[in-house]
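Student: I'm passing along data.txt; it holds compact mmCIF, C-alpha atoms.
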# COMPACT_ATOMS: atom_id res chain seq x y z
CA MET A 26 -2.18 -15.59 -21.35
CA LEU A 27 -5.68 -17.02 -21.13
CA SER A 28 -6.23 -20.11 -23.28
CA ALA A 29 -8.18 -19.92 -26.55
CA GLN A 30 -11.01 -22.05 -25.17
CA SER A 31 -11.39 -20.00 -21.98
CA THR A 32 -11.13 -16.49 -23.49
CA PRO A 33 -14.62 -16.35 -25.06
CA VAL A 34 -16.18 -17.91 -21.94
CA VAL A 35 -14.60 -15.35 -19.61
CA ARG A 36 -15.44 -12.51 -21.98
CA ALA A 37 -19.10 -13.60 -22.15
CA THR A 38 -19.49 -14.16 -18.41
CA LEU A 39 -17.37 -11.27 -17.11
CA PRO A 40 -20.28 -8.78 -16.78
CA ALA A 41 -22.33 -11.27 -14.76
CA VAL A 42 -19.36 -12.28 -12.62
CA GLU A 43 -18.45 -8.61 -12.00
CA THR A 44 -21.99 -7.97 -10.80
CA SER A 45 -21.77 -10.95 -8.44
CA LEU A 46 -18.21 -10.35 -7.21
CA PRO A 47 -19.15 -8.49 -4.00
CA ALA A 48 -21.39 -11.39 -2.97
CA ILE A 49 -18.74 -13.91 -4.06
CA ALA A 50 -16.08 -12.10 -2.01
CA GLU A 51 -18.31 -12.01 1.06
CA ARG A 52 -19.08 -15.73 0.75
CA PHE A 53 -15.38 -16.50 0.14
CA TYR A 54 -14.22 -14.83 3.34
CA ARG A 55 -17.01 -16.48 5.32
CA ARG A 56 -15.95 -19.93 4.04
CA LEU A 57 -12.27 -19.19 4.58
CA PHE A 58 -12.62 -17.95 8.16
CA ASP A 59 -15.07 -20.70 9.13
CA GLU A 60 -12.42 -23.29 8.22
CA HIS A 61 -9.35 -21.23 9.20
CA PRO A 62 -10.38 -18.83 12.00
CA ALA A 63 -6.74 -18.17 12.90
CA LEU A 64 -6.30 -16.31 9.60
CA LEU A 65 -8.70 -13.59 10.76
CA ARG A 66 -7.02 -13.43 14.16
CA ASP A 67 -3.44 -13.42 13.00
CA LEU A 68 -3.16 -12.33 9.36
CA PHE A 69 -6.14 -10.48 7.88
CA ASN A 70 -7.02 -6.97 9.03
CA ARG A 71 -10.09 -7.39 11.22
CA ALA A 72 -11.20 -3.77 10.75
CA ASN A 73 -11.13 -4.06 6.96
CA GLN A 74 -13.12 -7.28 7.17
CA ALA A 75 -15.71 -5.60 9.37
CA ASN A 76 -16.19 -2.55 7.15
CA GLY A 77 -16.17 -4.52 3.88
CA SER A 78 -13.23 -2.76 2.25
CA GLN A 79 -11.19 -5.96 1.95
CA ARG A 80 -14.04 -7.66 0.08
CA GLU A 81 -14.31 -4.68 -2.25
CA ALA A 82 -10.57 -4.73 -2.94
CA LEU A 83 -10.58 -8.47 -3.69
CA ALA A 84 -13.48 -8.08 -6.11
CA GLY A 85 -11.83 -5.13 -7.83
CA SER A 86 -8.48 -6.85 -8.31
CA ILE A 87 -10.02 -10.03 -9.76
CA ALA A 88 -12.24 -8.04 -12.13
CA ALA A 89 -9.33 -5.85 -13.27
CA PHE A 90 -7.12 -8.88 -13.89
CA ALA A 91 -9.81 -10.76 -15.85
CA ARG A 92 -10.62 -7.70 -17.95
CA ILE A 93 -6.98 -7.29 -18.95
CA LEU A 94 -6.83 -10.95 -19.96
CA VAL A 95 -9.77 -10.70 -22.36
CA GLU A 96 -9.52 -7.09 -23.55
CA HIS A 97 -5.74 -6.58 -23.67
CA PRO A 98 -4.21 -10.06 -24.01
CA GLU A 99 -0.98 -8.55 -25.33
CA GLU A 100 -0.38 -6.73 -22.02
CA ARG A 101 1.27 -8.11 -18.92
CA PRO A 102 -0.97 -7.23 -15.95
CA ASP A 103 2.03 -6.42 -13.77
CA ALA A 104 0.62 -3.08 -12.64
CA VAL A 105 -2.40 -4.85 -11.14
CA LEU A 106 -0.26 -7.49 -9.44
CA ALA A 107 2.94 -5.78 -8.27
CA ARG A 108 1.38 -3.93 -5.36
CA ILE A 109 -0.40 -7.11 -4.23
CA ALA A 110 2.83 -9.12 -4.43
CA HIS A 111 4.74 -6.62 -2.30
CA LYS A 112 1.94 -6.59 0.28
CA HIS A 113 1.95 -10.40 0.36
CA VAL A 114 5.72 -10.50 0.86
CA SER A 115 5.45 -8.02 3.72
CA LEU A 116 3.04 -10.49 5.35
CA GLY A 117 5.12 -13.60 4.64
CA ILE A 118 2.56 -15.22 2.31
CA THR A 119 3.67 -18.60 0.86
CA PRO A 120 2.50 -20.60 -2.21
CA ASP A 121 0.55 -23.18 -0.20
CA GLN A 122 -1.85 -20.48 0.96
CA TYR A 123 -2.94 -19.90 -2.64
CA THR A 124 -4.32 -23.44 -2.78
CA ILE A 125 -6.48 -22.77 0.27
CA VAL A 126 -7.65 -19.44 -1.13
CA GLY A 127 -8.39 -20.95 -4.55
CA ARG A 128 -10.50 -23.73 -3.09
CA HIS A 129 -12.67 -21.36 -1.09
CA LEU A 130 -12.87 -18.69 -3.78
CA LEU A 131 -14.03 -21.11 -6.46
CA GLY A 132 -16.34 -22.74 -3.93
CA ALA A 133 -17.88 -19.32 -3.27
CA VAL A 134 -18.31 -18.75 -7.02
CA ALA A 135 -20.21 -22.04 -7.28
CA GLU A 136 -22.47 -21.16 -4.34
CA ILE A 137 -23.33 -17.69 -5.64
CA LEU A 138 -23.73 -18.47 -9.35
CA GLY A 139 -25.49 -21.78 -8.83
CA GLU A 140 -26.67 -23.47 -12.04
CA ALA A 141 -25.16 -20.67 -14.16
CA LEU A 142 -21.73 -22.08 -13.29
CA THR A 143 -21.50 -24.82 -15.89
CA PRO A 144 -18.40 -27.04 -15.96
CA ARG A 145 -17.06 -24.98 -18.90
CA VAL A 146 -17.55 -21.68 -17.06
CA ALA A 147 -16.04 -23.12 -13.87
CA ALA A 148 -12.96 -24.32 -15.77
CA ALA A 149 -12.48 -20.93 -17.42
CA TRP A 150 -12.63 -18.99 -14.13
CA ASP A 151 -10.42 -21.57 -12.43
CA GLU A 152 -7.88 -20.78 -15.15
CA VAL A 153 -8.23 -17.03 -14.46
CA TYR A 154 -7.58 -17.59 -10.76
CA TRP A 155 -4.51 -19.74 -11.28
CA LEU A 156 -3.06 -17.39 -13.89
CA MET A 157 -3.32 -14.64 -11.29
CA ALA A 158 -2.11 -16.82 -8.44
CA ASN A 159 0.87 -18.25 -10.33
CA ALA A 160 1.90 -14.78 -11.52
CA LEU A 161 1.80 -13.55 -7.91
CA ILE A 162 3.69 -16.61 -6.66
CA ALA A 163 6.43 -15.98 -9.24
CA MET A 164 6.65 -12.27 -8.35
CA GLU A 165 6.79 -13.05 -4.65
CA ALA A 166 9.47 -15.71 -5.18
CA ARG A 167 11.63 -13.12 -6.93
CA LEU A 168 11.12 -10.66 -4.09
CA TYR A 169 12.06 -13.27 -1.48
CA THR A 170 15.17 -14.12 -3.53
CA LEU A 171 16.17 -10.45 -3.78
CA ALA A 172 15.82 -10.19 0.00
CA ALA A 173 17.96 -13.34 0.37
CA VAL A 174 15.36 -15.09 2.56
CA ALA A 175 13.34 -18.27 2.29
CA GLY A 176 9.74 -17.78 1.21
CA GLY A 177 7.74 -16.32 4.08
CA ASP A 178 10.76 -15.73 6.34
CA VAL A 179 10.33 -11.97 6.59
CA TRP A 180 9.77 -11.34 10.29
CA ARG A 181 12.55 -9.94 12.46
CA ALA A 182 12.74 -8.74 16.06
CA MET A 183 13.59 -5.03 16.02
CA GLU A 184 14.44 -2.98 19.07
CA THR A 185 12.76 0.39 19.62
CA ALA A 186 15.70 2.76 20.05
CA GLU A 187 13.69 5.97 20.38
CA ARG A 188 10.11 7.18 20.66
CA ARG A 189 9.19 10.74 19.67
CA GLU A 190 5.80 12.44 19.86
CA GLU A 191 5.34 14.23 16.53
CA SER A 192 1.82 15.57 17.14
CA ALA A 193 -1.24 14.81 19.23
CA ASP A 194 -2.02 11.84 16.97
CA ALA A 195 1.36 10.77 15.56
CA VAL A 196 4.40 9.12 17.14
CA SER A 197 7.71 8.19 15.53
CA LEU A 198 9.52 4.99 16.45
CA THR A 199 13.19 4.50 15.58
CA LEU A 200 13.96 0.81 15.12
CA ARG A 201 17.30 -0.97 15.05
CA SER A 202 18.52 -4.54 14.82
CA PRO A 203 19.42 -6.07 18.19
CA GLY A 204 23.09 -6.38 19.04
CA GLN A 205 25.48 -5.44 16.28
CA GLU A 206 23.47 -6.86 13.40
CA PRO A 207 23.17 -4.49 10.42
CA THR A 208 19.76 -3.06 9.63
CA PRO A 209 18.49 -4.51 6.34
CA PRO A 210 18.60 -2.01 3.45
CA PHE A 211 15.51 -0.49 1.88
CA LEU A 212 14.58 1.62 -1.11
CA PRO A 213 13.23 5.16 -0.66
CA GLY A 214 9.44 4.90 -0.53
CA GLN A 215 9.20 1.36 0.86
CA TYR A 216 7.37 0.22 4.00
CA VAL A 217 7.51 -2.48 6.67
CA SER A 218 4.78 -4.46 8.40
CA VAL A 219 4.51 -4.37 12.19
CA ARG A 220 2.85 -7.28 14.03
CA VAL A 221 1.53 -6.87 17.57
CA GLU A 222 -0.30 -9.13 20.00
CA LEU A 223 -3.54 -7.54 21.18
CA PRO A 224 -5.24 -8.06 24.56
CA ASP A 225 -7.52 -10.81 23.17
CA GLY A 226 -4.48 -12.81 21.98
CA ALA A 227 -4.94 -11.96 18.29
CA HIS A 228 -1.92 -10.93 16.23
CA GLN A 229 -2.70 -8.05 13.88
CA VAL A 230 -0.46 -6.57 11.20
CA ARG A 231 -0.29 -3.07 9.71
CA GLN A 232 2.07 -1.40 7.23
CA TYR A 233 4.06 1.77 7.94
CA SER A 234 6.35 3.67 5.57
CA LEU A 235 10.01 3.96 6.38
CA CYS A 236 10.66 7.69 6.69
CA SER A 237 14.36 7.67 7.53
CA ALA A 238 17.24 7.96 5.10
CA PRO A 239 17.99 4.79 3.12
CA GLY A 240 21.33 3.38 4.24
CA SER A 241 21.03 4.71 7.79
CA LYS A 242 21.84 2.48 10.75
CA ALA A 243 18.25 2.52 11.98
CA TRP A 244 14.74 2.58 10.55
CA ARG A 245 12.08 5.09 11.49
CA ILE A 246 8.32 4.76 11.15
CA THR A 247 5.65 7.27 12.08
CA VAL A 248 2.36 5.88 13.36
CA LYS A 249 -0.82 7.93 13.18
CA ARG A 250 -3.41 6.93 15.77
CA GLU A 251 -6.45 5.88 13.76
CA ARG A 252 -9.58 7.27 15.37
CA ALA A 253 -13.06 5.81 14.98
CA THR A 254 -14.77 7.25 11.92
CA GLY A 255 -18.39 6.53 12.86
CA ALA A 256 -20.76 5.54 15.63
CA GLY A 257 -19.90 2.09 16.92
CA ALA A 258 -16.67 1.87 14.89
CA PRO A 259 -13.54 1.06 16.92
CA ASP A 260 -10.28 2.98 16.98
CA GLY A 261 -7.41 1.45 15.02
CA GLU A 262 -6.27 -1.67 16.85
CA VAL A 263 -2.57 -1.66 16.01
CA SER A 264 -2.00 2.09 15.95
CA SER A 265 -3.72 2.45 19.33
CA TRP A 266 -1.62 -0.38 20.77
CA LEU A 267 1.63 1.17 19.50
CA HIS A 268 0.70 4.60 20.87
CA ALA A 269 -0.16 3.10 24.25
CA HIS A 270 2.62 0.53 24.65
CA ALA A 271 5.64 0.98 22.33
CA ARG A 272 8.49 2.48 24.32
CA ALA A 273 12.25 2.79 23.95
CA GLY A 274 13.86 -0.55 24.72
CA ASP A 275 10.85 -2.61 23.64
CA THR A 276 11.06 -5.22 20.88
CA LEU A 277 8.63 -5.33 17.96
CA ASP A 278 8.01 -7.93 15.25
CA VAL A 279 8.79 -6.14 11.99
CA SER A 280 8.92 -7.45 8.42
CA LEU A 281 11.61 -6.87 5.85
CA PRO A 282 10.99 -3.78 3.67
CA SER A 283 8.54 -4.09 0.78
CA GLY A 284 6.62 -1.83 -1.57
CA ASP A 285 6.67 -0.85 -5.23
CA LEU A 286 6.52 2.93 -4.70
CA ALA A 287 10.33 2.97 -4.60
CA LEU A 288 11.80 6.11 -6.18
CA HIS A 289 13.33 5.57 -9.62
CA ASP A 290 16.78 7.06 -10.07
CA ALA A 291 16.60 9.10 -13.27
CA ASP A 292 17.02 12.64 -14.52
CA THR A 293 13.30 13.31 -15.08
CA PRO A 294 11.50 16.05 -13.12
CA LEU A 295 9.69 14.90 -9.98
CA LEU A 296 6.42 15.62 -8.24
CA LEU A 297 6.17 14.33 -4.67
CA ALA A 298 2.56 14.89 -3.57
CA SER A 299 1.28 13.87 -0.14
CA ALA A 300 -1.47 14.55 2.34
CA GLY A 301 -1.55 13.83 6.06
CA ILE A 302 0.45 10.76 7.11
CA GLY A 303 1.23 10.23 3.42
CA VAL A 304 4.23 12.50 3.90
CA THR A 305 6.23 9.60 5.38
CA PRO A 306 7.40 7.80 2.19
CA MET A 307 8.17 11.20 0.65
CA LEU A 308 10.60 11.89 3.50
CA SER A 309 12.75 8.87 2.68
CA MET A 310 12.73 9.96 -0.97
CA LEU A 311 13.80 13.48 0.00
CA HIS A 312 16.55 12.10 2.25
CA HIS A 313 17.82 10.01 -0.66
CA LEU A 314 17.69 12.93 -3.09
CA ALA A 315 19.46 15.24 -0.64
CA LEU A 316 22.19 12.71 0.17
CA SER A 317 22.83 12.18 -3.55
CA SER A 318 22.85 15.95 -4.22
CA SER A 319 20.20 15.48 -6.88
CA ALA A 320 19.86 18.25 -9.48
CA ARG A 321 16.44 17.04 -10.65
CA ARG A 322 13.62 19.60 -10.88
CA ILE A 323 11.42 18.68 -7.91
CA HIS A 324 8.01 19.98 -6.85
CA VAL A 325 7.10 18.87 -3.32
CA VAL A 326 3.40 19.24 -2.51
CA HIS A 327 1.77 18.56 0.85
CA ALA A 328 -1.80 19.06 2.06
CA ASP A 329 -3.04 18.87 5.64
CA ARG A 330 -5.78 20.02 7.97
CA ALA A 331 -3.65 22.73 9.62
CA PRO A 332 0.05 23.45 10.30
CA ALA A 333 -0.21 21.75 13.72
CA HIS A 334 -1.27 18.49 12.03
CA HIS A 335 1.59 18.58 9.50
CA ILE A 336 4.02 16.04 10.94
CA HIS A 337 7.73 16.31 10.11
CA ARG A 338 7.03 19.80 8.78
CA GLU A 339 10.42 21.28 9.66
CA GLU A 340 12.29 18.20 8.46
CA GLN A 341 10.49 18.26 5.11
CA ALA A 342 11.26 21.96 4.61
CA GLU A 343 14.91 21.48 5.58
CA LEU A 344 15.36 18.61 3.13
CA VAL A 345 13.78 20.62 0.31
CA SER A 346 16.11 23.55 1.12
CA ARG A 347 19.13 21.25 0.62
CA LEU A 348 18.08 20.49 -2.96
CA GLU A 349 19.22 23.11 -5.47
CA ASN A 350 16.27 22.70 -7.82
CA ALA A 351 13.37 21.89 -5.50
CA SER A 352 10.37 23.87 -4.27
CA LEU A 353 7.86 23.22 -1.48
CA HIS A 354 4.13 23.95 -1.91
CA LEU A 355 1.81 23.65 1.11
CA TRP A 356 -1.99 23.67 1.34
CA TYR A 357 -3.91 23.71 4.64
CA GLU A 358 -7.64 23.52 5.20
CA SER A 359 -7.30 26.21 7.86
CA GLY A 360 -4.63 28.31 9.52
CA ALA A 361 -2.45 28.76 6.44
CA GLY A 362 0.17 31.46 6.93
CA PRO A 363 2.01 33.43 4.25
CA GLU A 364 4.14 30.40 3.32
CA ALA A 365 1.12 28.22 2.44
CA SER A 366 -2.20 28.29 0.60
CA GLU A 367 -5.59 27.72 2.16
CA GLY A 368 -7.97 25.17 0.68
CA THR A 369 -7.34 22.12 -1.48
CA VAL A 370 -4.35 21.38 -3.69
CA ASN A 371 -4.43 23.18 -7.04
CA LEU A 372 -1.88 21.63 -9.39
CA GLY A 373 -2.83 24.12 -12.07
CA ARG A 374 -0.65 26.62 -10.22
CA LEU A 375 2.46 24.44 -10.61
CA PRO A 376 4.48 24.58 -13.85
CA LEU A 377 5.08 20.83 -14.12
CA PRO A 378 7.62 20.12 -16.86
CA PRO A 379 7.02 17.41 -19.48
CA ARG A 380 8.16 13.89 -18.56
CA THR A 381 7.47 14.52 -14.86
CA ASP A 382 7.37 11.41 -12.67
CA ALA A 383 4.72 11.76 -9.96
CA TYR A 384 4.62 9.94 -6.61
CA LEU A 385 1.43 10.16 -4.54
CA CYS A 386 0.57 9.08 -1.01
CA GLY A 387 -2.37 10.06 1.16
CA PRO A 388 -6.11 9.46 1.50
CA LEU A 389 -7.74 7.96 -1.58
CA PRO A 390 -9.89 11.04 -2.38
CA PHE A 391 -6.73 13.18 -2.37
CA MET A 392 -4.84 10.80 -4.65
CA ARG A 393 -7.75 10.43 -7.06
CA ALA A 394 -8.11 14.21 -7.33
CA VAL A 395 -4.37 14.75 -7.87
CA ARG A 396 -4.17 11.91 -10.39
CA ALA A 397 -7.14 13.29 -12.33
CA GLY A 398 -5.49 16.70 -12.43
CA LEU A 399 -2.21 15.24 -13.66
CA LEU A 400 -3.92 13.22 -16.38
CA HIS A 401 -5.91 16.28 -17.44
CA GLY A 402 -2.62 18.18 -17.62
CA GLY A 403 -1.20 15.65 -20.05
CA LEU A 404 0.86 13.44 -17.76
CA SER A 405 0.99 9.78 -18.78
CA ALA A 406 -0.77 7.31 -16.47
CA SER A 407 2.43 5.23 -16.41
CA ALA A 408 4.27 8.20 -14.87
CA ILE A 409 1.95 8.34 -11.84
CA HIS A 410 2.93 6.09 -8.92
CA TYR A 411 0.99 5.78 -5.67
CA GLU A 412 0.88 3.97 -2.34
CA VAL A 413 -2.20 2.75 -0.49
CA PHE A 414 -2.14 1.29 3.02
CA GLY A 415 -4.98 -1.11 3.62
CA PRO A 416 -7.09 -2.57 0.82
CA ASP A 417 -6.30 -1.07 -2.57
CA LEU A 418 -9.69 0.21 -3.74
CA TRP A 419 -8.20 2.20 -6.63
CA GLN A 420 -9.19 -0.43 -9.19
CA SER A 421 -12.75 -0.62 -7.91
CA ARG A 422 -13.60 3.04 -8.52
If you convert what's in this file into structure tokens, what do you get?
Tutor:
Amino acid sequence: MLSAQSTPVVRATLPAVETSLPAIAERFYRRLFDEHPALLRDLFNRANQANGSQREALAGSIAAFARILVEHPEERPDAVLARIAHKHVSLGITPDQYTIVGRHLLGAVAEILGEALTPRVAAAWDEVYWLMANALIAMEARLYTLAAVAGGDVWRAMETAERREESADAVSLTLRSPGQEPTPPFLPGQYVSVRVELPDGAHQVRQYSLCSAPGSKAWRITVKRERATGAGAPDGEVSSWLHAHARAGDTLDVSLPSGDLALHDADTPLLLASAGIGVTPMLSMLHHLALSSSARRIHVVHADRAPAHHIHREEQAELVSRLENASLHLWYESGAGPEASEGTVNLGRLPLPPRTDAYLCGPLPFMRAVRAGLLHGGLSASAIHYEVFGPDLWQSR
């Protein structure tokens, strides 16, 4: 909870700080990487730094956290922080890094706001940062404890047992612990980070959902090759490297499982809605539901460009067929046959029961549209869970 002396200061300055946050975030990263260039090479996503999405996500998360503190002081901002904490754990972030970040973030605030940053205003926003940082440190400590590892000790060498081409742009890699070591457990819907060394010597990290059955002897991830989205933009660094180089018998640096999209065991109806590569966390959920012979009412929704782009299509349909009370609904932009609809997802055609829990994964426009439809249909915001890979820009829209 924000102190009594800082609350009115933050409330009064929040509009001005929100307006300046993009510039503050840009200055922060410039300061940080000037002093610690290895962080850009070996930890932060270079593509997201280049296109500005990481700056936008940082600004959005700080603004959302500060607004909760002053407008809803009775609430715990766990929803804003949980996804960040899981991402940090998947990267092996440790408490000492928050001190470095805090110094450069507050230094950037001083540079951008100039004389408007009085000592009283600086103290209030320093308190906001450390409330957020300490909450994240505590969450991350609990996650490290649950994983039975020391803080930051999340990286493991995993052997690639199998490589399978799923489509022209997607490849599945089955990963197992070397020797006879057991594969660490995971919850349906969680992901792992994969760290690779690129030709220029940089180590870059990306997250991939685990799409195998929880409790199996091996993990499986499916990697979509990220193509350049504009003139001069590069292809995805890590996905391109994995497509070009990862082969059976190779060893990869992989983190312990993380992620707060994990499926809740309950008796409520379910909606599993995905688009494109977002089908992957839904597969582990479906495997779990099928293995437990779940009787929950389940609507499975998937959207894609065309049937040929729908990875794990047969596996998804087979898993749904094993569930006594589940139905599969497919939408394709083109080439839809009699078993699918053509166009965009229309949730108005689905009779979603009350108390439905919804899980979403896919491109942000897809998730925003589905979420808006669910809210319009009367579903509670707390019942809608989602996963974003890369900077979480949800809060900044």
Student: Compile the contact shell of region 187-204 of chain A as a list in words: residues with an atom at most 7 Å away, counting all atoms listed in the file, same-chain residues fewer than 6 positions apart removed.
Tutor: Ala243, Trp244, Arg245, Ile246, Thr247, Val248, Lys249, Arg250, His268, Arg272, Ala273, His334 and Ile336 of chain A
Student: Could you check the closest approach to Leu399 (chain A) for each of A:Leu223, A:Pro282, A:Val325, A:Leu296 and tell me which residue wins, using only C-alpha atoms?
Tutor: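 Nearest candidate to Leu399 (chain A) out of A:Leu223, A:Pro282, A:Val325, A:Leu296: A:Leu296.
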Student: Which residues of region 248-312 of chain A come within 8 Å of region 340-350 of chain A, and for each one, what is the closest pair of atoms and their distance in Å to one decimal, counting all atoms listed in the file, sorted by chain and residue number, as a Markdown table?
Tutor:
| residue | atom | partner | partner_atom | distance |
| --- | --- | --- | --- | --- |
| A:Leu308 | CA | A:Gln341 | CA | 6.6 |
| A:Leu311 | CA | A:Leu344 | CA | 6.2 |
| A:His312 | CA | A:Leu344 | CA | 6.7 |
Student: Considering only C-alpha atoms, return as a ChimeraX atom specification whatever protein or nucleic-acid residues lie within 8 Å of His313 (chain A), sequence-local ones (same chain, fewer than 4 positions apart) excluded.
Tutor: /A:213,238-239,309,317
Student: What is the distance, in Å and to one decimal place, between CA of Ile125 (chain A) and CA of Glu165 (chain A)?
Tutor: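 Answer for the CA of Ile125 (chain A) to CA of Glu165 (chain A) separation: 17.2 Å.
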Student: Using all atoms listed in the file, can you tell me which of A:Ala186, A:Gln79, A:His410, A:Ile49 comes closest to Leu138 (chain A)?
Tutor: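 Closest candidate: A:Ile49.
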